[in-house]
$ cat upload23.tsv   # TSV, C-alpha atoms
chain	number	residue	atom	x	y	z
W	1	MET	CA	16.44	27.91	5.47
W	2	ASP	CA	16.41	31.18	7.36
W	3	ASN	CA	12.68	31.61	6.98
W	4	PHE	CA	11.73	28.01	7.62
W	5	THR	CA	8.78	28.09	10.01
W	6	VAL	CA	7.33	25.22	12.01
W	7	GLY	CA	3.65	25.51	12.87
W	8	VAL	CA	2.86	24.27	16.38
W	9	VAL	CA	-0.82	23.42	16.62
W	10	VAL	CA	-2.72	24.48	19.73
W	11	PHE	CA	-5.93	22.65	20.64
W	12	PRO	CA	-7.97	23.38	23.73
W	13	GLY	CA	-6.15	21.10	26.18
W	14	SER	CA	-2.75	20.96	24.44
W	15	ASN	CA	-0.03	21.28	27.05
W	16	CYS	CA	3.25	20.60	25.27
W	17	ASP	CA	2.89	23.32	22.64
W	18	ARG	CA	5.18	25.71	24.49
W	19	ASP	CA	7.72	22.96	25.19
W	20	VAL	CA	7.91	22.18	21.47
W	21	SER	CA	8.23	25.83	20.59
W	22	TRP	CA	10.87	26.36	23.26
W	23	ALA	CA	12.91	23.38	22.04
W	24	LEU	CA	12.73	24.48	18.40
W	25	GLU	CA	13.43	28.15	19.00
W	26	GLY	CA	15.71	28.00	22.01
W	27	CYS	CA	17.75	24.89	21.27
W	28	LEU	CA	17.71	24.82	17.47
W	29	ASP	CA	17.07	28.38	16.41
W	30	ILE	CA	14.14	27.29	14.24
W	31	ARG	CA	11.32	29.76	13.89
W	32	THR	CA	7.88	28.62	15.12
W	33	LYS	CA	4.35	29.88	14.85
W	34	TYR	CA	1.42	28.79	17.00
W	35	LEU	CA	-1.56	27.65	14.94
W	36	TRP	CA	-4.94	27.73	16.65
W	37	HIS	CA	-6.88	24.58	15.76
W	38	GLU	CA	-9.67	26.58	14.12
W	39	SER	CA	-7.30	28.00	11.53
W	40	SER	CA	-7.15	26.21	8.21
W	41	ASP	CA	-4.57	28.49	6.59
W	42	LEU	CA	-1.29	26.59	6.54
W	43	SER	CA	0.27	28.67	3.79
W	44	ASP	CA	3.00	30.29	5.88
W	45	VAL	CA	4.34	27.22	7.65
W	46	ASP	CA	6.78	24.68	6.20
W	47	ALA	CA	6.27	21.84	8.69
W	48	ILE	CA	3.79	21.10	11.46
W	49	VAL	CA	4.00	19.65	14.95
W	50	LEU	CA	0.92	18.28	16.71
W	51	PRO	CA	2.05	18.50	20.33
W	52	GLY	CA	1.16	16.44	23.36
W	53	GLY	CA	-1.59	17.15	25.84
W	54	PHE	CA	-5.24	16.35	26.23
W	55	SER	CA	-7.01	17.91	23.25
W	56	TYR	CA	-10.69	18.41	24.05
W	57	GLY	CA	-10.12	16.77	27.42
W	58	ASP	CA	-9.61	13.38	25.70
W	59	TYR	CA	-13.40	13.21	25.53
W	60	LEU	CA	-14.84	10.14	23.80
W	61	ARG	CA	-11.34	8.87	22.89
W	62	CYS	CA	-7.94	10.57	22.82
W	63	GLY	CA	-7.78	12.63	19.63
W	64	ALA	CA	-11.31	11.74	18.51
W	65	ILE	CA	-12.73	15.28	18.66
W	66	ALA	CA	-9.56	17.07	17.53
W	67	ARG	CA	-9.80	15.14	14.30
W	68	PHE	CA	-12.76	17.29	13.26
W	69	SER	CA	-11.02	20.64	13.69
W	70	PRO	CA	-10.58	22.85	10.59
W	71	LEU	CA	-6.80	22.56	10.91
W	72	ILE	CA	-6.81	18.76	10.74
W	73	ASN	CA	-9.10	18.96	7.71
W	74	ALA	CA	-6.54	21.20	6.02
W	75	LEU	CA	-3.72	18.82	6.95
W	76	ASP	CA	-4.60	16.38	4.18
W	77	GLU	CA	-3.38	18.71	1.42
W	78	PHE	CA	-0.33	19.65	3.50
W	79	VAL	CA	0.68	16.00	3.88
W	80	LYS	CA	-0.02	15.20	0.23
W	81	SER	CA	2.29	18.03	-0.80
W	82	GLY	CA	5.09	16.16	0.98
W	83	LYS	CA	5.55	18.62	3.85
W	84	ARG	CA	6.52	17.13	7.17
W	85	VAL	CA	4.19	16.49	10.11
W	86	LEU	CA	5.31	15.30	13.53
W	87	GLY	CA	2.70	14.07	16.02
W	88	ILE	CA	3.94	13.68	19.58
W	89	CYS	CA	1.91	11.73	22.17
W	90	ASN	CA	-1.59	13.25	21.87
W	91	GLY	CA	-0.48	14.37	18.41
W	92	PHE	CA	0.19	10.71	17.53
W	93	GLN	CA	-3.27	9.80	18.85
W	94	ILE	CA	-4.80	12.50	16.63
W	95	LEU	CA	-2.89	11.21	13.58
W	96	THR	CA	-4.25	7.68	14.08
W	97	GLU	CA	-7.81	8.87	14.79
W	98	SER	CA	-7.77	10.96	11.63
W	99	GLY	CA	-6.38	8.15	9.49
W	100	PHE	CA	-3.01	9.69	8.62
W	101	LEU	CA	-1.38	6.75	10.38
W	102	PRO	CA	-2.79	3.23	10.89
W	103	GLY	CA	-3.75	1.60	14.19
W	104	ALA	CA	-4.94	3.15	17.45
W	105	LEU	CA	-3.65	4.03	20.91
W	106	VAL	CA	-5.47	2.55	23.88
W	107	ALA	CA	-5.14	2.44	27.67
W	108	ASN	CA	-1.80	1.19	29.00
W	109	LYS	CA	-1.86	-2.48	29.90
W	110	ASN	CA	-1.24	-1.84	33.60
W	111	LEU	CA	-3.63	1.18	33.69
W	112	ASN	CA	-0.87	3.39	35.12
W	113	PHE	CA	-0.07	6.81	33.77
W	114	ILE	CA	3.60	6.21	32.98
W	115	CYS	CA	6.05	9.08	33.30
W	116	ASP	CA	9.55	7.79	32.72
W	117	ASP	CA	12.61	7.79	30.50
W	118	VAL	CA	12.63	4.86	28.10
W	119	GLU	CA	15.21	3.30	25.82
W	120	LEU	CA	14.17	3.01	22.22
W	121	ASP	CA	15.55	1.13	19.25
W	122	ILE	CA	15.61	3.07	16.01
W	123	VAL	CA	14.13	0.63	13.51
W	124	SER	CA	13.67	2.52	10.28
W	125	SER	CA	15.46	5.29	8.45
W	126	LYS	CA	12.32	6.16	6.51
W	127	GLY	CA	11.75	9.89	6.46
W	128	GLY	CA	15.14	10.58	8.06
W	129	TRP	CA	13.57	11.37	11.44
W	130	PHE	CA	16.26	9.60	13.48
W	131	ASN	CA	19.99	9.39	13.48
W	132	ASN	CA	20.50	5.73	12.78
W	133	GLY	CA	24.07	5.81	11.67
W	134	ASP	CA	26.30	2.91	12.63
W	135	GLU	CA	27.18	4.12	16.07
W	136	LYS	CA	23.78	4.98	17.50
W	137	GLN	CA	20.83	2.67	17.11
W	138	THR	CA	19.34	3.35	20.55
W	139	ILE	CA	18.08	6.58	22.07
W	140	LYS	CA	16.57	7.58	25.38
W	141	LEU	CA	13.46	9.77	25.46
W	142	PRO	CA	10.84	10.59	28.11
W	143	ILE	CA	7.31	9.20	27.90
W	144	ALA	CA	4.26	10.52	29.77
W	145	HIS	CA	0.98	8.85	28.89
W	146	GLY	CA	-1.96	6.84	30.15
W	147	GLU	CA	-3.18	5.74	26.74
W	148	GLY	CA	-0.11	4.89	24.73
W	149	ARG	CA	-0.55	1.21	24.01
W	150	TYR	CA	-0.26	0.92	20.25
W	151	HIS	CA	-2.78	-1.52	18.82
W	152	CYS	CA	-3.38	-2.76	15.29
W	153	ASP	CA	-4.62	-5.94	13.66
W	154	SER	CA	-2.21	-8.53	12.31
W	155	ASP	CA	-2.63	-7.44	8.67
W	156	THR	CA	-1.73	-3.86	9.57
W	157	LEU	CA	1.25	-5.02	11.60
W	158	LYS	CA	2.49	-7.06	8.65
W	159	LYS	CA	2.12	-4.00	6.42
W	160	LEU	CA	4.07	-1.88	8.92
W	161	VAL	CA	6.88	-4.42	9.03
W	162	ASP	CA	6.95	-5.16	5.30
W	163	ASN	CA	6.99	-1.49	4.33
W	164	ASP	CA	9.53	-0.44	6.95
W	165	LEU	CA	7.08	1.93	8.67
W	166	ILE	CA	8.02	1.16	12.28
W	167	ALA	CA	10.23	4.03	13.36
W	168	LEU	CA	10.82	3.24	17.03
W	169	ARG	CA	10.41	0.23	19.32
W	170	TYR	CA	10.60	0.16	23.13
W	171	LYS	CA	13.50	-1.85	24.48
W	172	ASN	CA	11.43	-2.71	27.56
W	173	ASN	CA	7.81	-2.35	26.52
W	174	PRO	CA	6.24	-0.19	29.27
W	175	ASN	CA	2.59	-0.14	28.15
W	176	GLY	CA	1.80	-3.36	26.29
W	177	SER	CA	2.09	-1.92	22.78
W	178	SER	CA	1.83	-4.42	19.91
W	179	PHE	CA	5.30	-5.42	18.71
W	180	ASP	CA	6.80	-2.90	21.21
W	181	ILE	CA	5.86	-0.09	18.82
W	182	ALA	CA	6.59	3.45	20.06
W	183	GLY	CA	6.42	5.34	16.75
W	184	ILE	CA	5.49	4.83	13.10
W	185	THR	CA	5.61	6.75	9.85
W	186	ASN	CA	3.33	6.87	6.83
W	187	GLU	CA	4.47	5.21	3.60
W	188	LYS	CA	5.96	8.37	2.20
W	189	GLY	CA	7.86	8.99	5.44
W	190	ASN	CA	6.80	12.62	5.81
W	191	VAL	CA	4.43	11.92	8.73
W	192	LEU	CA	5.83	10.58	12.01
W	193	GLY	CA	3.76	9.78	15.09
W	194	LEU	CA	5.43	8.73	18.34
W	195	MET	CA	4.46	8.46	22.01
W	196	PRO	CA	7.85	9.59	23.45
W	197	HIS	CA	8.53	13.32	23.76
W	198	PRO	CA	11.61	14.46	21.80
W	199	GLU	CA	11.00	18.07	22.86
W	200	ARG	CA	11.69	17.08	26.47
W	201	ALA	CA	15.14	15.79	25.55
W	202	CYS	CA	16.80	18.75	23.88
W	203	ASP	CA	19.16	20.02	26.54
W	204	ASP	CA	21.70	18.24	28.74
W	205	ILE	CA	20.52	20.24	31.71
W	206	ILE	CA	17.16	18.45	31.67
W	207	GLY	CA	18.58	14.99	31.17
W	208	GLY	CA	19.47	14.42	27.54
W	209	THR	CA	19.64	15.59	23.97
W	210	ASP	CA	18.41	12.54	22.06
W	211	GLY	CA	15.32	14.43	20.92
W	212	LEU	CA	17.24	17.13	19.06
W	213	PHE	CA	17.78	15.14	15.89
W	214	THR	CA	14.08	14.46	15.38
W	215	LEU	CA	13.06	18.09	15.86
W	216	LYS	CA	15.91	19.26	13.66
W	217	SER	CA	14.79	16.89	10.94
W	218	LEU	CA	11.56	18.83	10.53
W	219	ILE	CA	13.78	20.78	8.15
W	220	LEU	CA	14.61	18.37	5.36
F	1	MET	CA	-40.57	14.70	11.17
F	2	ASP	CA	-40.36	11.75	13.51
F	3	GLN	CA	-38.32	11.76	16.66
F	4	PHE	CA	-36.31	8.76	17.80
F	5	ALA	CA	-34.47	7.83	20.96
F	6	VAL	CA	-31.30	5.94	20.09
F	7	LYS	CA	-29.04	4.03	22.45
F	8	VAL	CA	-25.62	3.32	21.03
F	9	PHE	CA	-23.37	0.73	22.69
F	10	VAL	CA	-19.65	0.97	21.95
F	11	ARG	CA	-17.46	-1.93	23.02
F	12	LEU	CA	-13.79	-2.74	22.69
F	13	ARG	CA	-13.36	-5.51	20.15
F	14	PRO	CA	-12.89	-8.94	21.76
F	15	SER	CA	-9.28	-9.01	20.49
F	16	VAL	CA	-8.40	-5.78	22.34
F	17	LEU	CA	-7.28	-6.16	25.94
F	18	ASP	CA	-9.49	-4.19	28.37
F	19	PRO	CA	-7.32	-3.43	31.42
F	20	ALA	CA	-10.08	-1.35	33.09
F	21	GLY	CA	-12.44	-4.31	32.74
F	22	GLU	CA	-9.79	-6.62	34.19
F	23	ALA	CA	-9.26	-4.29	37.17
F	24	THR	CA	-13.02	-4.09	37.78
F	25	LYS	CA	-13.29	-7.87	37.57
F	26	PHE	CA	-10.57	-8.14	40.20
F	27	ALA	CA	-12.45	-5.68	42.47
F	28	SER	CA	-15.72	-7.56	41.91
F	29	ILE	CA	-14.12	-10.77	43.09
F	30	LYS	CA	-12.68	-8.92	46.11
F	31	LEU	CA	-16.24	-7.78	46.89
F	32	GLY	CA	-17.21	-11.42	47.14
F	33	ALA	CA	-19.07	-11.83	43.85
F	34	GLU	CA	-18.66	-15.38	42.67
F	35	GLY	CA	-18.75	-16.89	39.21
F	36	ILE	CA	-17.57	-13.91	37.15
F	37	LYS	CA	-16.07	-15.33	34.00
F	38	SER	CA	-15.38	-12.08	32.18
F	39	LEU	CA	-16.02	-8.38	32.62
F	40	ARG	CA	-15.51	-5.75	29.92
F	41	ILE	CA	-16.32	-2.06	30.02
F	42	GLY	CA	-17.93	-0.17	27.15
F	43	LYS	CA	-19.77	3.08	26.57
F	44	MET	CA	-23.43	3.87	26.06
F	45	ILE	CA	-24.38	7.01	24.17
F	46	GLU	CA	-27.99	8.27	24.17
F	47	VAL	CA	-29.12	10.39	21.25
F	48	LYS	CA	-32.46	12.00	20.52
F	49	ILE	CA	-32.72	12.67	16.82
F	50	GLU	CA	-35.29	13.78	14.26
F	51	GLY	CA	-35.66	12.50	10.73
F	52	ASN	CA	-38.04	11.45	7.99
F	53	GLY	CA	-38.64	7.90	9.07
F	54	GLU	CA	-36.51	5.18	10.57
F	55	ASN	CA	-34.36	4.52	7.51
F	56	GLU	CA	-33.12	8.09	7.30
F	57	VAL	CA	-32.35	8.16	11.01
F	58	ARG	CA	-30.48	4.84	10.77
F	59	GLU	CA	-28.32	6.30	8.00
F	60	LYS	CA	-27.40	9.25	10.21
F	61	ILE	CA	-26.66	7.07	13.22
F	62	ASP	CA	-24.57	4.66	11.13
F	63	LEU	CA	-22.44	7.58	9.97
F	64	LEU	CA	-22.06	8.92	13.51
F	65	CYS	CA	-21.11	5.50	14.88
F	66	ASP	CA	-18.66	4.74	12.11
F	67	ARG	CA	-16.94	8.12	12.00
F	68	LEU	CA	-17.17	9.45	15.55
F	69	PHE	CA	-18.74	7.40	18.34
F	70	ALA	CA	-16.55	4.35	17.71
F	71	ASN	CA	-13.04	3.86	16.38
F	72	THR	CA	-13.58	0.69	14.38
F	73	VAL	CA	-9.89	-0.18	14.59
F	74	ILE	CA	-10.46	-1.07	18.25
F	75	GLU	CA	-14.21	-0.90	18.87
F	76	ASP	CA	-17.50	-2.45	17.70
F	77	TYR	CA	-20.86	-0.75	18.00
F	78	GLU	CA	-24.54	-1.59	17.95
F	79	TYR	CA	-27.61	0.47	18.66
F	80	SER	CA	-31.31	0.26	19.43
F	81	LEU	CA	-33.82	2.76	18.17
F	82	GLU	CA	-37.21	3.71	19.60
F	83	LYS	CA	-39.75	6.00	17.95
F	84	LEU	CA	-40.98	8.65	20.38
$ encode --input "upload23.tsv" --output "structure tokens"
Amino acid sequence: MDNFTVGVVVFPGSNCDRDVSWALEGCLDIRTKYLWHESSDLSDVDAIVLPGGFSYGDYLRCGAIARFSPLINALDEFVKSGKRVLGICNGFQILTESGFLPGALVANKNLNFICDDVELDIVSSKGGWFNNGDEKQTIKLPIAHGEGRYHCDSDTLKKLVDNDLIALRYKNNPNGSSFDIAGITNEKGNVLGLMPHPERACDDIIGGTDGLFTLKSLIL
Amino acid sequence: MDQFAVKVFVRLRPSVLDPAGEATKFASIKLGAEGIKSLRIGKMIEVKIEGNGENEVREKIDLLCDRLFANTVIEDYEYSLEKL
């Protein structure tokens, strides 16, 4: 997997693109390539990360404008081919707005922008994004969002539960998310969207390494 | 070509909690306003648009509302249309 390359998408207003690239290159020795949102050529990347930030200034709704970028249009084929896509925070919002994942992310219940470390239960092994071996069912990752309250109707929630699509749940729900949901996958498991930031937990010196497994699992 | 002025109202669905509306309701009561039973915040989008008649313009606005202006997972929309 020497040549495995992760595309890190850059929208106007992305602000975690460099963090993701740093974590992949510096902590995991995985090659990355920045992809400007107007590019629709995904031929030389093997997996894609939609990083956090405020694409298009969060105008209209978080992720609503980014959804119409040429890159997101090209993502459909990429996902259908089984390649892996990880949407973090604003990236998760973009994945729901564009219909790759169900539901929506709305303003936190208490209206605060929450910047904190949270404990998360690993719920599903679908897609192999998390290390849910016997000994470690809980991880700690940072969150930083104002609009991270996951919302879906009861039919969708039932589908998520029945099909094992809930990847992560908050131990102490910080934002009012339905069913404490912090991250979900698509049915195939190759698309993961989550509000917590694994790229900010890849080195002990900044408080933890629980994010390493998820970034590493872009190579599967 | 006819020109129309369209006002689109986008509202959170009744089942979706509106914390900004709740906070504004709280402030309204602090201001001394009495009798407020509920307060919810939405968006209004004004569009001026050309088309061959009202039906064609309605088709365009429906598409815009459904695909862009509102996220129908969490929001409802309605609009009024005035020929200029």
$ residues_around --input "upload23.tsv" --residues "Pro70 (chain W)" --least-positions-apart "6" --cutoff "8 Å" --atoms "all atoms listed in the file" --output "JSON list (two decimals) with C-alpha atoms, keeping the file's coordinate frame"
[["chain", "number", "residue", "atom", "x", "y", "z"],
["W", 37, "HIS", "CA", -6.88, 24.58, 15.76],
["W", 38, "GLU", "CA", -9.67, 26.58, 14.12],
["W", 39, "SER", "CA", -7.30, 28.00, 11.53],
["W", 40, "SER", "CA", -7.15, 26.21, 8.21]]
$ residues_near_point --input "upload23.tsv" --point "(-6.7, 10.3, 23.0)" --cutoff "12 Å" --atoms "all atoms listed in the file" --output "MDAnalysis selection string"
(chainID W and resid 13:14 52:67 88:98 104:108 145:150 195) or (chainID F and resid 71)
$ residues_near_point --input "upload23.tsv" --point "(15.4, 9.2, 23.0)" --cutoff "9 Å" --atoms "all atoms listed in the file" --output "list in words"
Asp117, Val118, Glu119, Leu120, Asp121, Thr138, Ile139, Lys140, Leu141, Pro142, Pro196, His197, Pro198, Ala201, Gly208, Thr209, Asp210 and Gly211 of chain W
$ closest_residue --input "upload23.tsv" --among "W:Asn131, W:Asn110, W:Asn163, W:Gln137" --to "chain F" --atoms "all atoms listed in the file"
W:Asn110
$ residues_around --input "upload23.tsv" --residues "Asp44 (chain W)" --least-positions-apart "2" --cutoff "9 Å" --atoms "all atoms listed in the file" --output "PyMOL selection string"
chain W and resi 5+7+41-42+46
$ write_last_selection --input "upload23.tsv" --atoms "C-alpha atoms" --output "PDB file, keeping the file's coordinate frame"
ATOM      1  CA  THR W   5       8.780  28.090  10.010  1.00  0.00           C
ATOM      2  CA  GLY W   7       3.650  25.510  12.870  1.00  0.00           C
ATOM      3  CA  ASP W  41      -4.570  28.490   6.590  1.00  0.00           C
ATOM      4  CA  LEU W  42      -1.290  26.590   6.540  1.00  0.00           C
ATOM      5  CA  ASP W  46       6.780  24.680   6.200  1.00  0.00           C
TER       6      ASP W  46
END
$ interface_residues --input "upload23.tsv" --of "chain F" --to "chain W" --cutoff "12 Å" --atoms "all atoms listed in the file" --output "number ranges by chain"
F: 10, 12-24, 42-45, 65-75
$ write_last_selection --input "upload23.tsv" --atoms "C-alpha atoms" --output "compact mmCIF listing (two decimals), in the frame of the given file"
# COMPACT_ATOMS: atom_id res chain seq x y z
CA VAL F 10 -19.65 0.97 21.95
CA LEU F 12 -13.79 -2.74 22.69
CA ARG F 13 -13.36 -5.51 20.15
CA PRO F 14 -12.89 -8.94 21.76
CA SER F 15 -9.28 -9.01 20.49
CA VAL F 16 -8.40 -5.78 22.34
CA LEU F 17 -7.28 -6.16 25.94
CA ASP F 18 -9.49 -4.19 28.37
CA PRO F 19 -7.32 -3.43 31.42
CA ALA F 20 -10.08 -1.35 33.09
CA GLY F 21 -12.44 -4.31 32.74
CA GLU F 22 -9.79 -6.62 34.19
CA ALA F 23 -9.26 -4.29 37.17
CA THR F 24 -13.02 -4.09 37.78
CA GLY F 42 -17.93 -0.17 27.15
CA LYS F 43 -19.77 3.08 26.57
CA MET F 44 -23.43 3.87 26.06
CA ILE F 45 -24.38 7.01 24.17
CA CYS F 65 -21.11 5.50 14.88
CA ASP F 66 -18.66 4.74 12.11
CA ARG F 67 -16.94 8.12 12.00
CA LEU F 68 -17.17 9.45 15.55
CA PHE F 69 -18.74 7.40 18.34
CA ALA F 70 -16.55 4.35 17.71
CA ASN F 71 -13.04 3.86 16.38
CA THR F 72 -13.58 0.69 14.38
CA VAL F 73 -9.89 -0.18 14.59
CA ILE F 74 -10.46 -1.07 18.25
CA GLU F 75 -14.21 -0.90 18.87
$ build_atoms --input "upload23.tsv" --residues "region 164-187 of chain W" --atoms "N, CA and C atoms" --output "mmCIF file, keeping the file's coordinate frame"
data_model
loop_
_atom_site.group_PDB
_atom_site.id
_atom_site.type_symbol
_atom_site.label_atom_id
_atom_site.label_comp_id
_atom_site.auth_asym_id
_atom_site.auth_seq_id
_atom_site.Cartn_x
_atom_site.Cartn_y
_atom_site.Cartn_z
ATOM 1 N N ASP W 164 8.517 -1.167 6.180
ATOM 2 C CA ASP W 164 9.530 -0.440 6.950
ATOM 3 C C ASP W 164 8.952 0.844 7.568
ATOM 4 N N LEU W 165 7.749 0.740 8.131
ATOM 5 C CA LEU W 165 7.080 1.930 8.670
ATOM 6 C C LEU W 165 7.221 2.055 10.187
ATOM 7 N N ILE W 166 7.842 1.066 10.821
ATOM 8 C CA ILE W 166 8.020 1.160 12.280
ATOM 9 C C ILE W 166 9.290 1.970 12.536
ATOM 10 N N ALA W 167 9.102 3.128 13.144
ATOM 11 C CA ALA W 167 10.230 4.030 13.360
ATOM 12 C C ALA W 167 10.988 3.675 14.634
ATOM 13 N N LEU W 168 10.223 3.442 15.703
ATOM 14 C CA LEU W 168 10.820 3.240 17.030
ATOM 15 C C LEU W 168 10.147 2.072 17.735
ATOM 16 N N ARG W 169 10.969 1.281 18.456
ATOM 17 C CA ARG W 169 10.410 0.230 19.320
ATOM 18 C C ARG W 169 10.984 0.374 20.721
ATOM 19 N N TYR W 170 10.127 0.136 21.741
ATOM 20 C CA TYR W 170 10.600 0.160 23.130
ATOM 21 C C TYR W 170 11.533 -1.014 23.371
ATOM 22 N N LYS W 171 12.619 -0.748 24.074
ATOM 23 C CA LYS W 171 13.500 -1.850 24.480
ATOM 24 C C LYS W 171 12.819 -2.701 25.546
ATOM 25 N N ASN W 172 12.188 -2.014 26.515
ATOM 26 C CA ASN W 172 11.430 -2.710 27.560
ATOM 27 C C ASN W 172 10.013 -2.164 27.528
ATOM 28 N N ASN W 173 9.176 -2.818 26.778
ATOM 29 C CA ASN W 173 7.810 -2.350 26.520
ATOM 30 C C ASN W 173 7.079 -1.936 27.810
ATOM 31 N N PRO W 174 6.813 -0.631 27.992
ATOM 32 C CA PRO W 174 6.240 -0.190 29.270
ATOM 33 C C PRO W 174 4.712 -0.265 29.331
ATOM 34 N N ASN W 175 4.051 -0.351 28.165
ATOM 35 C CA ASN W 175 2.590 -0.140 28.150
ATOM 36 C C ASN W 175 1.800 -1.235 27.452
ATOM 37 N N GLY W 176 2.496 -2.254 26.952
ATOM 38 C CA GLY W 176 1.800 -3.360 26.290
ATOM 39 C C GLY W 176 1.580 -3.155 24.803
ATOM 40 N N SER W 177 2.255 -2.184 24.202
ATOM 41 C CA SER W 177 2.090 -1.920 22.780
ATOM 42 C C SER W 177 2.371 -3.160 21.925
ATOM 43 N N SER W 178 1.577 -3.343 20.860
ATOM 44 C CA SER W 178 1.830 -4.420 19.910
ATOM 45 C C SER W 178 3.245 -4.271 19.364
ATOM 46 N N PHE W 179 3.985 -5.362 19.345
ATOM 47 C CA PHE W 179 5.300 -5.420 18.710
ATOM 48 C C PHE W 179 6.244 -4.348 19.287
ATOM 49 N N ASP W 180 5.976 -3.910 20.510
ATOM 50 C CA ASP W 180 6.800 -2.900 21.210
ATOM 51 C C ASP W 180 6.848 -1.559 20.466
ATOM 52 N N ILE W 181 5.803 -1.266 19.687
ATOM 53 C CA ILE W 181 5.860 -0.090 18.820
ATOM 54 C C ILE W 181 5.706 1.211 19.622
ATOM 55 N N ALA W 182 6.641 2.135 19.403
ATOM 56 C CA ALA W 182 6.590 3.450 20.060
ATOM 57 C C ALA W 182 6.350 4.567 19.050
ATOM 58 N N GLY W 183 6.612 4.297 17.767
ATOM 59 C CA GLY W 183 6.420 5.340 16.750
ATOM 60 C C GLY W 183 6.407 4.740 15.363
ATOM 61 N N ILE W 184 5.588 5.313 14.485
ATOM 62 C CA ILE W 184 5.490 4.830 13.100
ATOM 63 C C ILE W 184 5.447 6.007 12.130
ATOM 64 N N THR W 185 5.748 5.720 10.880
ATOM 65 C CA THR W 185 5.610 6.750 9.850
ATOM 66 C C THR W 185 4.569 6.303 8.822
ATOM 67 N N ASN W 186 4.156 7.243 7.977
ATOM 68 C CA ASN W 186 3.330 6.870 6.830
ATOM 69 C C ASN W 186 4.251 6.319 5.740
ATOM 70 N N GLU W 187 3.650 5.873 4.640
ATOM 71 C CA GLU W 187 4.470 5.210 3.600
ATOM 72 C C GLU W 187 5.479 6.155 2.985
#
